[in-house]
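In what follows, a single structure is set out as structure tokens and then discussed.
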Amino acid sequence: MQTFIASVVVFGLLIFIHELGHFLVAKKVGIMVHEFSLGFGPKLFGIKRGETIYNLRLLPLGGFVRMAGMDPNEEEDHGIPINRTFNYKSAMQRASVIVAGPLMNFVLAIVLFAFIFMFQGLPYATTEVGEVIKGFPAERAGLKAGDRIVAVNDTSVEDWNQLVAETNRYPGEPLDLTIQRGSEQIKLSVTTVKDESGQYKIGIKPTEPIIKKMNPLSALAAGTSFTIQISGLILSFIGQMFTQQAPVDIGGPVRVVSEIGKAAEFGVYQLMQLAAFLSINLGLFNLLPIPALDGSRVLFLLWEKVTGRPVEPTKESFIHLIGFGLLLLLMVVITYNDIVSLMFGNR
């Protein structure tokens, strides 16, 4: 039951935020929105506010925003003003409506990470030396466990990441370190050397990191940086899969539900962290130029912007239909593999 509730909450949040992006920008550019639905299938209940009906449907694995003009014959059938329809708007306005959904998933990830950093905290390693590795330049230079490095080549460093970044700027070159040792401040010279992994190091390890809670602005900045880093890693991994430099490892809804259940057992912060990762994946996936996804719709609009004429609606709809069918087929295959993996533990 815990897994079911957690899965409904996580999927519902990701989908709601995604569709909310489409909805808000559609309203902003003046498109009439007939329906905002969370879920698919039979309607459980709904409420009408203004010109829009807000529905909750039975199957919590999707959602949609039904806008005027998405169906080319709709304005004739219902007498909708032409300037309130999707297809009447400029290519850039339509593209902004489409891109807003995936972008909101990135915003959600940033907010979730920021919430975690504010209330749970983020592991923070100071510049205090926890261990000096034997045989490395730091030992020969006289560095000791307990020393705190306050500057590298007269550039102050406040945490371990800054220390690493600063030393990496001078590979194989001498570094002038300012060391705080008790009440005494001393200067030491050390040269980075290349280790077995090909990285330049001086041969020190940090002390155990402390958990540091952030203020809202710092948390949002860190959440943004973290989201960008994760997006880059995901894109890099996708590229490696296509070039066969990394094994193909794609999970479907069954595997995601399993992971949500595991995260829920560890607490709300772990569940929020997984939700943030899933939100980034959803945003990136929807921006891929695959028919039926938001990315392909943007490509059609770019073609219209460049050529000055839109792709024939029936042809575009047919391409999206084929793409949707292939995605469904892929989802069936992935789901089957997920079930087999979970049953036999071969992952």
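For the structure tokens, the naming scheme is as follows: chains receive sequential letters (A, B, ...) according to their order of presentation, residues are indexed from 1 within each chain, and ligands are indexed from 1 in presentation order.
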
Could you pull out the residues in range 140-328 of chain A that DSSP calls alpha helix (DSSP H) from the backbone, as a VMD selection string? chain A and resid 140 to 141 160 to 168 216 to 242 253 to 266 268 to 287 294 to 307 313 to 328

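Proximity to range 125-128 of chain A at 6 Å, evaluated using only C-alpha atoms and with sequence-adjacent residues fewer than 6 positions away removed, yields Gly146, Asp147, Arg148, Ile149, Asp159, Trp160 and Pro209 of chain A.
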
Output of the above residues as a compact mmCIF listing (two decimals), in the first residue's frame, restricted to N, CA and C atoms:
# COMPACT_ATOMS: atom_id res chain seq x y z
N GLY A 146 44.55 17.32 10.10
CA GLY A 146 44.12 18.39 11.00
C GLY A 146 44.45 19.77 10.46
N ASP A 147 45.40 19.84 9.50
CA ASP A 147 45.68 21.13 8.86
C ASP A 147 44.45 21.59 8.06
N ARG A 148 44.24 22.89 8.03
CA ARG A 148 43.15 23.45 7.22
C ARG A 148 43.75 24.35 6.15
N ILE A 149 43.49 24.02 4.88
CA ILE A 149 44.02 24.80 3.76
C ILE A 149 43.09 25.99 3.53
N ASP A 159 35.71 25.50 0.77
CA ASP A 159 35.25 24.11 0.90
C ASP A 159 36.11 23.22 0.02
N TRP A 160 35.89 21.91 0.14
CA TRP A 160 36.74 20.95 -0.55
C TRP A 160 36.61 21.05 -2.08
N PRO A 209 32.45 14.60 5.90
CA PRO A 209 31.64 15.79 5.61
C PRO A 209 30.60 16.05 6.69

Closest of A:Ala264, A:Leu288, A:Val306, A:Ala275 to Ala6 in chain A, counting only C-alpha atoms, is A:Ala264

field: Surrounding residues of range 217-230 of chain A excluding itself and chain neighbours under 6 positions, 8 Å, only C-alpha atoms, as a ChimeraX atom specification
entry: /A:106,109-115,117-118,277,280

Residues from last step as file, all heavy atoms, as a CSV table (one decimal), in the first residue's frame:
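Written out: result02.csv:
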chain,number,residue,atom,x,y,z
A,106,PHE,N,11.9,20.6,-15.1
A,106,PHE,CA,13.2,21.0,-14.6
A,106,PHE,C,13.0,22.0,-13.4
A,106,PHE,O,13.7,21.9,-12.4
A,106,PHE,CB,14.0,21.7,-15.7
A,106,PHE,CG,14.4,20.8,-16.8
A,106,PHE,CD1,13.9,21.0,-18.1
A,106,PHE,CD2,15.3,19.8,-16.6
A,106,PHE,CE1,14.2,20.2,-19.1
A,106,PHE,CE2,15.6,18.9,-17.6
A,106,PHE,CZ,15.1,19.1,-18.9
A,109,ALA,N,12.2,19.9,-10.4
A,109,ALA,CA,13.5,19.3,-9.8
A,109,ALA,C,14.3,20.3,-9.0
A,109,ALA,O,14.7,19.9,-7.9
A,109,ALA,CB,14.3,18.7,-11.0
A,110,ILE,N,14.4,21.5,-9.5
A,110,ILE,CA,15.1,22.5,-8.8
A,110,ILE,C,14.5,22.8,-7.4
A,110,ILE,O,15.2,22.8,-6.4
A,110,ILE,CB,15.2,23.8,-9.6
A,110,ILE,CG1,16.1,23.6,-10.8
A,110,ILE,CG2,15.7,25.0,-8.7
A,110,ILE,CD1,16.0,24.8,-11.8
A,111,VAL,N,13.2,22.9,-7.4
A,111,VAL,CA,12.4,23.2,-6.1
A,111,VAL,C,12.6,22.0,-5.2
A,111,VAL,O,12.8,22.2,-4.0
A,111,VAL,CB,11.0,23.5,-6.4
A,111,VAL,CG1,10.2,23.6,-5.1
A,111,VAL,CG2,10.8,24.8,-7.2
A,112,LEU,N,12.5,20.8,-5.7
A,112,LEU,CA,12.6,19.6,-4.8
A,112,LEU,C,14.0,19.5,-4.2
A,112,LEU,O,14.1,19.3,-3.0
A,112,LEU,CB,12.3,18.3,-5.6
A,112,LEU,CG,10.8,18.1,-5.9
A,112,LEU,CD1,10.6,16.9,-6.8
A,112,LEU,CD2,9.9,18.0,-4.7
A,113,PHE,N,15.0,19.7,-5.0
A,113,PHE,CA,16.4,19.7,-4.5
A,113,PHE,C,16.6,20.8,-3.5
A,113,PHE,O,17.2,20.6,-2.4
A,113,PHE,CB,17.4,19.8,-5.6
A,113,PHE,CG,17.6,18.6,-6.4
A,113,PHE,CD1,17.6,18.6,-7.8
A,113,PHE,CD2,17.8,17.3,-5.8
A,113,PHE,CE1,17.8,17.4,-8.5
A,113,PHE,CE2,18.0,16.2,-6.5
A,113,PHE,CZ,18.0,16.2,-7.9
A,114,ALA,N,16.1,22.0,-3.8
A,114,ALA,CA,16.2,23.1,-2.9
A,114,ALA,C,15.5,22.8,-1.5
A,114,ALA,O,16.1,23.2,-0.5
A,114,ALA,CB,15.6,24.4,-3.5
A,115,PHE,N,14.4,22.2,-1.6
A,115,PHE,CA,13.7,21.9,-0.3
A,115,PHE,C,14.5,20.9,0.5
A,115,PHE,O,14.6,21.0,1.7
A,115,PHE,CB,12.3,21.2,-0.7
A,115,PHE,CG,11.4,21.0,0.5
A,115,PHE,CD1,10.5,22.0,0.8
A,115,PHE,CD2,11.5,19.9,1.3
A,115,PHE,CE1,9.7,21.8,1.9
A,115,PHE,CE2,10.6,19.7,2.4
A,115,PHE,CZ,9.7,20.7,2.7
A,117,PHE,N,17.8,20.5,0.4
A,117,PHE,CA,19.0,21.2,0.9
A,117,PHE,C,18.7,22.1,2.0
A,117,PHE,O,19.5,22.4,2.9
A,117,PHE,CB,19.7,22.0,-0.2
A,117,PHE,CG,20.1,21.2,-1.4
A,117,PHE,CD1,20.3,21.8,-2.7
A,117,PHE,CD2,20.4,19.9,-1.2
A,117,PHE,CE1,20.8,21.0,-3.7
A,117,PHE,CE2,20.9,19.1,-2.3
A,117,PHE,CZ,21.0,19.6,-3.6
A,118,MET,N,17.4,22.7,2.1
A,118,MET,CA,17.1,23.6,3.2
A,118,MET,C,16.8,22.8,4.4
A,118,MET,O,17.2,23.3,5.5
A,118,MET,CB,15.8,24.4,2.7
A,118,MET,CG,16.1,25.6,1.8
A,118,MET,SD,14.7,26.7,1.7
A,118,MET,CE,13.6,25.7,0.8
A,277,PHE,N,14.9,13.4,-9.7
A,277,PHE,CA,15.6,12.7,-10.8
A,277,PHE,C,14.6,12.3,-11.9
A,277,PHE,O,14.9,12.4,-13.1
A,277,PHE,CB,16.3,11.4,-10.2
A,277,PHE,CG,17.6,11.7,-9.6
A,277,PHE,CD1,17.8,11.6,-8.2
A,277,PHE,CD2,18.7,12.0,-10.3
A,277,PHE,CE1,19.0,11.9,-7.6
A,277,PHE,CE2,20.0,12.3,-9.7
A,277,PHE,CZ,20.1,12.2,-8.4
A,280,ILE,N,13.5,15.3,-14.0
A,280,ILE,CA,14.6,15.6,-14.9
A,280,ILE,C,14.5,14.7,-16.1
A,280,ILE,O,14.6,15.1,-17.3
A,280,ILE,CB,16.0,15.6,-14.3
A,280,ILE,CG1,16.1,16.7,-13.2
A,280,ILE,CG2,17.1,15.8,-15.4
A,280,ILE,CD1,17.4,16.6,-12.4

#### Entry: Secondary structure check, strand (DSSP E or B) residues of range 156-313 of chain A, as JSON, numbers by chain
{"A": [156, 174, 175, 176, 177, 178, 179, 180, 181, 184, 185, 186, 187, 188, 189, 190, 191, 193, 194, 200, 201, 204, 205, 206, 210, 211, 212]}

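Closest to Ser317 in chain A among A:Val99, A:Met70, A:Ala141, A:Val29 is A:Met70, based on only C-alpha atoms.
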
In Å and to one decimal, CA of Asn87 in chain A is distant from CA of Leu108 in chain A by 28.5 Å

Quick one: everything within 12 Å of Leu20 in chain A, counting only C-alpha atoms, minus sequence neighbours fewer than 2 positions away in the same chain. Send it as a PyMOL selection string.
chain A and resi 12-18+22-27+33+35-38+54+63-66+97-105+107-108

Go ahead and write the selection's residues with N, CA and C atoms as an mmCIF file, in the first residue's frame.
data_model
loop_
_atom_site.group_PDB
_atom_site.id
_atom_site.type_symbol
_atom_site.label_atom_id
_atom_site.label_comp_id
_atom_site.auth_asym_id
_atom_site.auth_seq_id
_atom_site.Cartn_x
_atom_site.Cartn_y
_atom_site.Cartn_z
ATOM 1 N N GLY A 12 1.632 11.570 -10.020
ATOM 2 C CA GLY A 12 0.670 12.666 -10.101
ATOM 3 C C GLY A 12 1.346 14.022 -10.086
ATOM 4 N N LEU A 13 2.356 14.183 -9.218
ATOM 5 C CA LEU A 13 3.068 15.457 -9.128
ATOM 6 C C LEU A 13 3.815 15.766 -10.422
ATOM 7 N N LEU A 14 4.548 14.780 -10.951
ATOM 8 C CA LEU A 14 5.328 14.997 -12.173
ATOM 9 C C LEU A 14 4.421 15.370 -13.341
ATOM 10 N N ILE A 15 3.299 14.655 -13.474
ATOM 11 C CA ILE A 15 2.394 14.892 -14.598
ATOM 12 C C ILE A 15 1.657 16.219 -14.431
ATOM 13 N N PHE A 16 1.219 16.485 -13.196
ATOM 14 C CA PHE A 16 0.504 17.739 -12.947
ATOM 15 C C PHE A 16 1.373 18.948 -13.289
ATOM 16 N N ILE A 17 2.614 18.938 -12.832
ATOM 17 C CA ILE A 17 3.516 20.067 -13.098
ATOM 18 C C ILE A 17 3.782 20.204 -14.593
ATOM 19 N N HIS A 18 3.973 19.074 -15.283
ATOM 20 C CA HIS A 18 4.221 19.097 -16.728
ATOM 21 C C HIS A 18 3.038 19.728 -17.464
ATOM 22 N N HIS A 22 2.131 23.557 -19.807
ATOM 23 C CA HIS A 22 1.377 23.754 -21.044
ATOM 24 C C HIS A 22 0.180 24.681 -20.805
ATOM 25 N N PHE A 23 -0.552 24.423 -19.724
ATOM 26 C CA PHE A 23 -1.788 25.144 -19.427
ATOM 27 C C PHE A 23 -1.539 26.636 -19.200
ATOM 28 N N LEU A 24 -0.559 26.955 -18.343
ATOM 29 C CA LEU A 24 -0.312 28.357 -17.988
ATOM 30 C C LEU A 24 0.124 29.182 -19.184
ATOM 31 N N VAL A 25 1.018 28.630 -20.013
ATOM 32 C CA VAL A 25 1.493 29.389 -21.168
ATOM 33 C C VAL A 25 0.401 29.493 -22.231
ATOM 34 N N ALA A 26 -0.412 28.434 -22.387
ATOM 35 C CA ALA A 26 -1.542 28.506 -23.325
ATOM 36 C C ALA A 26 -2.478 29.639 -22.926
ATOM 37 N N LYS A 27 -2.785 29.726 -21.634
ATOM 38 C CA LYS A 27 -3.635 30.824 -21.156
ATOM 39 C C LYS A 27 -2.963 32.179 -21.373
ATOM 40 N N VAL A 33 -8.581 26.967 -23.419
ATOM 41 C CA VAL A 33 -8.311 25.614 -22.906
ATOM 42 C C VAL A 33 -9.642 24.995 -22.497
ATOM 43 N N GLU A 35 -10.061 21.691 -21.465
ATOM 44 C CA GLU A 35 -9.983 20.705 -20.387
ATOM 45 C C GLU A 35 -8.558 20.557 -19.882
ATOM 46 N N PHE A 36 -8.445 20.468 -18.566
ATOM 47 C CA PHE A 36 -7.184 20.134 -17.901
ATOM 48 C C PHE A 36 -7.460 18.859 -17.127
ATOM 49 N N SER A 37 -6.864 17.743 -17.560
ATOM 50 C CA SER A 37 -7.138 16.453 -16.934
ATOM 51 C C SER A 37 -5.875 15.839 -16.371
ATOM 52 N N LEU A 38 -6.004 15.325 -15.166
ATOM 53 C CA LEU A 38 -4.930 14.566 -14.544
ATOM 54 C C LEU A 38 -5.353 13.105 -14.563
ATOM 55 N N TYR A 54 -11.834 21.067 -15.198
ATOM 56 C CA TYR A 54 -10.703 20.418 -14.535
ATOM 57 C C TYR A 54 -11.164 19.030 -14.071
ATOM 58 N N GLY A 63 -1.798 12.531 -18.284
ATOM 59 C CA GLY A 63 -2.634 13.711 -18.174
ATOM 60 C C GLY A 63 -2.585 14.467 -19.489
ATOM 61 N N PHE A 64 -3.444 15.446 -19.629
ATOM 62 C CA PHE A 64 -3.446 16.207 -20.871
ATOM 63 C C PHE A 64 -4.148 17.542 -20.680
ATOM 64 N N VAL A 65 -3.801 18.469 -21.572
ATOM 65 C CA VAL A 65 -4.469 19.764 -21.669
ATOM 66 C C VAL A 65 -5.070 19.837 -23.068
ATOM 67 N N ARG A 66 -6.406 19.921 -23.147
ATOM 68 C CA ARG A 66 -7.079 19.965 -24.456
ATOM 69 C C ARG A 66 -7.360 21.422 -24.798
ATOM 70 N N VAL A 97 4.287 27.160 -25.774
ATOM 71 C CA VAL A 97 3.287 26.341 -25.078
ATOM 72 C C VAL A 97 3.792 24.907 -24.935
ATOM 73 N N ILE A 98 4.388 24.381 -25.996
ATOM 74 C CA ILE A 98 4.848 22.988 -26.002
ATOM 75 C C ILE A 98 6.059 22.802 -25.089
ATOM 76 N N VAL A 99 7.010 23.729 -25.166
ATOM 77 C CA VAL A 99 8.250 23.599 -24.381
ATOM 78 C C VAL A 99 8.002 23.832 -22.888
ATOM 79 N N ALA A 100 6.938 24.573 -22.572
ATOM 80 C CA ALA A 100 6.679 24.912 -21.165
ATOM 81 C C ALA A 100 6.496 23.681 -20.294
ATOM 82 N N GLY A 101 5.928 22.603 -20.850
ATOM 83 C CA GLY A 101 5.726 21.392 -20.064
ATOM 84 C C GLY A 101 7.029 20.796 -19.568
ATOM 85 N N PRO A 102 7.956 20.433 -20.475
ATOM 86 C CA PRO A 102 9.245 19.902 -20.025
ATOM 87 C C PRO A 102 10.024 20.872 -19.139
ATOM 88 N N LEU A 103 9.953 22.171 -19.451
ATOM 89 C CA LEU A 103 10.684 23.134 -18.629
ATOM 90 C C LEU A 103 10.175 23.147 -17.192
ATOM 91 N N MET A 104 8.874 22.962 -17.015
ATOM 92 C CA MET A 104 8.316 22.926 -15.667
ATOM 93 C C MET A 104 8.821 21.712 -14.886
ATOM 94 N N ASN A 105 9.150 20.626 -15.595
ATOM 95 C CA ASN A 105 9.724 19.466 -14.915
ATOM 96 C C ASN A 105 11.103 19.792 -14.352
ATOM 97 N N VAL A 107 11.990 22.845 -13.446
ATOM 98 C CA VAL A 107 11.701 23.741 -12.320
ATOM 99 C C VAL A 107 11.314 22.930 -11.089
ATOM 100 N N LEU A 108 10.493 21.897 -11.289
ATOM 101 C CA LEU A 108 10.100 21.038 -10.166
ATOM 102 C C LEU A 108 11.324 20.384 -9.528
#

I'd like the contact shell of range 177-190 of chain A - 10 Å cut-off, only C-alpha atoms, skipping same-chain residues fewer than 2 positions apart - returned as a PDB file with N, CA and C atoms, in the first residue's frame.
ATOM      1  N   THR A 127      37.866  22.330   4.135  1.00  0.00           N
ATOM      2  CA  THR A 127      39.219  22.166   3.602  1.00  0.00           C
ATOM      3  C   THR A 127      40.179  21.584   4.629  1.00  0.00           C
ATOM      4  N   GLU A 128      39.635  21.037   5.707  1.00  0.00           N
ATOM      5  CA  GLU A 128      40.492  20.397   6.716  1.00  0.00           C
ATOM      6  C   GLU A 128      40.975  19.044   6.202  1.00  0.00           C
ATOM      7  N   PHE A 136      52.887  10.631  -1.499  1.00  0.00           N
ATOM      8  CA  PHE A 136      52.442  11.723  -2.367  1.00  0.00           C
ATOM      9  C   PHE A 136      53.124  13.035  -1.947  1.00  0.00           C
ATOM     10  N   PRO A 137      53.080  14.052  -2.820  1.00  0.00           N
ATOM     11  CA  PRO A 137      53.770  15.313  -2.531  1.00  0.00           C
ATOM     12  C   PRO A 137      53.344  15.970  -1.221  1.00  0.00           C
ATOM     13  N   ALA A 138      52.056  15.823  -0.838  1.00  0.00           N
ATOM     14  CA  ALA A 138      51.594  16.466   0.395  1.00  0.00           C
ATOM     15  C   ALA A 138      52.374  15.974   1.606  1.00  0.00           C
ATOM     16  N   GLU A 139      52.686  14.680   1.651  1.00  0.00           N
ATOM     17  CA  GLU A 139      53.454  14.129   2.766  1.00  0.00           C
ATOM     18  C   GLU A 139      54.866  14.698   2.777  1.00  0.00           C
ATOM     19  N   ARG A 140      55.462  14.761   1.593  1.00  0.00           N
ATOM     20  CA  ARG A 140      56.844  15.273   1.505  1.00  0.00           C
ATOM     21  C   ARG A 140      56.903  16.755   1.844  1.00  0.00           C
ATOM     22  N   ALA A 141      55.810  17.474   1.562  1.00  0.00           N
ATOM     23  CA  ALA A 141      55.800  18.913   1.836  1.00  0.00           C
ATOM     24  C   ALA A 141      55.564  19.213   3.312  1.00  0.00           C
ATOM     25  N   GLY A 142      55.105  18.226   4.064  1.00  0.00           N
ATOM     26  CA  GLY A 142      54.914  18.429   5.496  1.00  0.00           C
ATOM     27  C   GLY A 142      53.482  18.667   5.926  1.00  0.00           C
ATOM     28  N   LEU A 143      52.521  18.439   5.033  1.00  0.00           N
ATOM     29  CA  LEU A 143      51.121  18.569   5.427  1.00  0.00           C
ATOM     30  C   LEU A 143      50.764  17.487   6.447  1.00  0.00           C
ATOM     31  N   LYS A 144      49.877  17.819   7.403  1.00  0.00           N
ATOM     32  CA  LYS A 144      49.482  16.882   8.446  1.00  0.00           C
ATOM     33  C   LYS A 144      47.963  16.826   8.560  1.00  0.00           C
ATOM     34  N   ALA A 145      47.465  15.681   9.023  1.00  0.00           N
ATOM     35  CA  ALA A 145      46.034  15.571   9.295  1.00  0.00           C
ATOM     36  C   ALA A 145      45.641  16.613  10.333  1.00  0.00           C
ATOM     37  N   GLY A 146      44.549  17.319  10.101  1.00  0.00           N
ATOM     38  CA  GLY A 146      44.120  18.391  10.995  1.00  0.00           C
ATOM     39  C   GLY A 146      44.450  19.767  10.458  1.00  0.00           C
ATOM     40  N   ASP A 147      45.395  19.843   9.497  1.00  0.00           N
ATOM     41  CA  ASP A 147      45.679  21.129   8.858  1.00  0.00           C
ATOM     42  C   ASP A 147      44.455  21.588   8.061  1.00  0.00           C
ATOM     43  N   ARG A 148      44.238  22.890   8.033  1.00  0.00           N
ATOM     44  CA  ARG A 148      43.154  23.449   7.216  1.00  0.00           C
ATOM     45  C   ARG A 148      43.748  24.354   6.152  1.00  0.00           C
ATOM     46  N   ILE A 149      43.491  24.022   4.880  1.00  0.00           N
ATOM     47  CA  ILE A 149      44.018  24.804   3.761  1.00  0.00           C
ATOM     48  C   ILE A 149      43.087  25.991   3.534  1.00  0.00           C
ATOM     49  N   VAL A 150      43.623  27.186   3.657  1.00  0.00           N
ATOM     50  CA  VAL A 150      42.787  28.388   3.544  1.00  0.00           C
ATOM     51  C   VAL A 150      42.990  29.111   2.214  1.00  0.00           C
ATOM     52  N   ALA A 151      44.112  28.800   1.512  1.00  0.00           N
ATOM     53  CA  ALA A 151      44.338  29.476   0.231  1.00  0.00           C
ATOM     54  C   ALA A 151      45.268  28.640  -0.641  1.00  0.00           C
ATOM     55  N   VAL A 152      45.059  28.734  -1.951  1.00  0.00           N
ATOM     56  CA  VAL A 152      45.930  28.097  -2.944  1.00  0.00           C
ATOM     57  C   VAL A 152      46.420  29.190  -3.882  1.00  0.00           C
ATOM     58  N   ASN A 153      47.752  29.397  -3.893  1.00  0.00           N
ATOM     59  CA  ASN A 153      48.332  30.493  -4.689  1.00  0.00           C
ATOM     60  C   ASN A 153      47.636  31.815  -4.394  1.00  0.00           C
ATOM     61  N   ASP A 154      47.418  32.074  -3.116  1.00  0.00           N
ATOM     62  CA  ASP A 154      46.806  33.317  -2.608  1.00  0.00           C
ATOM     63  C   ASP A 154      45.323  33.461  -2.968  1.00  0.00           C
ATOM     64  N   THR A 155      44.707  32.405  -3.521  1.00  0.00           N
ATOM     65  CA  THR A 155      43.261  32.408  -3.774  1.00  0.00           C
ATOM     66  C   THR A 155      42.591  31.641  -2.645  1.00  0.00           C
ATOM     67  N   SER A 156      41.717  32.311  -1.890  1.00  0.00           N
ATOM     68  CA  SER A 156      41.099  31.662  -0.732  1.00  0.00           C
ATOM     69  C   SER A 156      40.149  30.548  -1.177  1.00  0.00           C
ATOM     70  N   VAL A 157      40.125  29.480  -0.383  1.00  0.00           N
ATOM     71  CA  VAL A 157      39.217  28.355  -0.641  1.00  0.00           C
ATOM     72  C   VAL A 157      38.447  28.080   0.650  1.00  0.00           C
ATOM     73  N   THR A 167      43.256  23.512  -7.320  1.00  0.00           N
ATOM     74  CA  THR A 167      44.468  22.727  -7.582  1.00  0.00           C
ATOM     75  C   THR A 167      44.466  22.172  -9.008  1.00  0.00           C
ATOM     76  N   GLY A 172      50.519  19.591 -12.492  1.00  0.00           N
ATOM     77  CA  GLY A 172      51.958  19.402 -12.576  1.00  0.00           C
ATOM     78  C   GLY A 172      52.784  20.607 -12.210  1.00  0.00           C
ATOM     79  N   GLU A 173      52.118  21.655 -11.675  1.00  0.00           N
ATOM     80  CA  GLU A 173      52.831  22.889 -11.341  1.00  0.00           C
ATOM     81  C   GLU A 173      52.914  23.063  -9.822  1.00  0.00           C
ATOM     82  N   PRO A 174      53.908  23.819  -9.334  1.00  0.00           N
ATOM     83  CA  PRO A 174      54.019  24.073  -7.888  1.00  0.00           C
ATOM     84  C   PRO A 174      52.838  24.913  -7.385  1.00  0.00           C
ATOM     85  N   LEU A 175      52.359  24.587  -6.191  1.00  0.00           N
ATOM     86  CA  LEU A 175      51.274  25.322  -5.559  1.00  0.00           C
ATOM     87  C   LEU A 175      51.770  25.880  -4.231  1.00  0.00           C
ATOM     88  N   THR A 192      51.468  19.137  -7.780  1.00  0.00           N
ATOM     89  CA  THR A 192      50.537  18.047  -8.080  1.00  0.00           C
ATOM     90  C   THR A 192      51.206  17.013  -8.986  1.00  0.00           C
ATOM     91  N   VAL A 193      50.837  15.744  -8.785  1.00  0.00           N
ATOM     92  CA  VAL A 193      51.354  14.658  -9.616  1.00  0.00           C
ATOM     93  C   VAL A 193      50.176  13.849 -10.161  1.00  0.00           C
ATOM     94  N   ILE A 202      47.576  16.116  -4.985  1.00  0.00           N
ATOM     95  CA  ILE A 202      48.693  16.324  -4.066  1.00  0.00           C
ATOM     96  C   ILE A 202      48.720  15.235  -2.994  1.00  0.00           C
TER      97      ILE A 202
END

Long-range neighbours of Glu265 in chain A as a PyMOL selection string, 10 Å cut-off, only C-alpha atoms, 3 positions minimum in chain:
chain A and resi 2-3+6+260-262+268+270-271
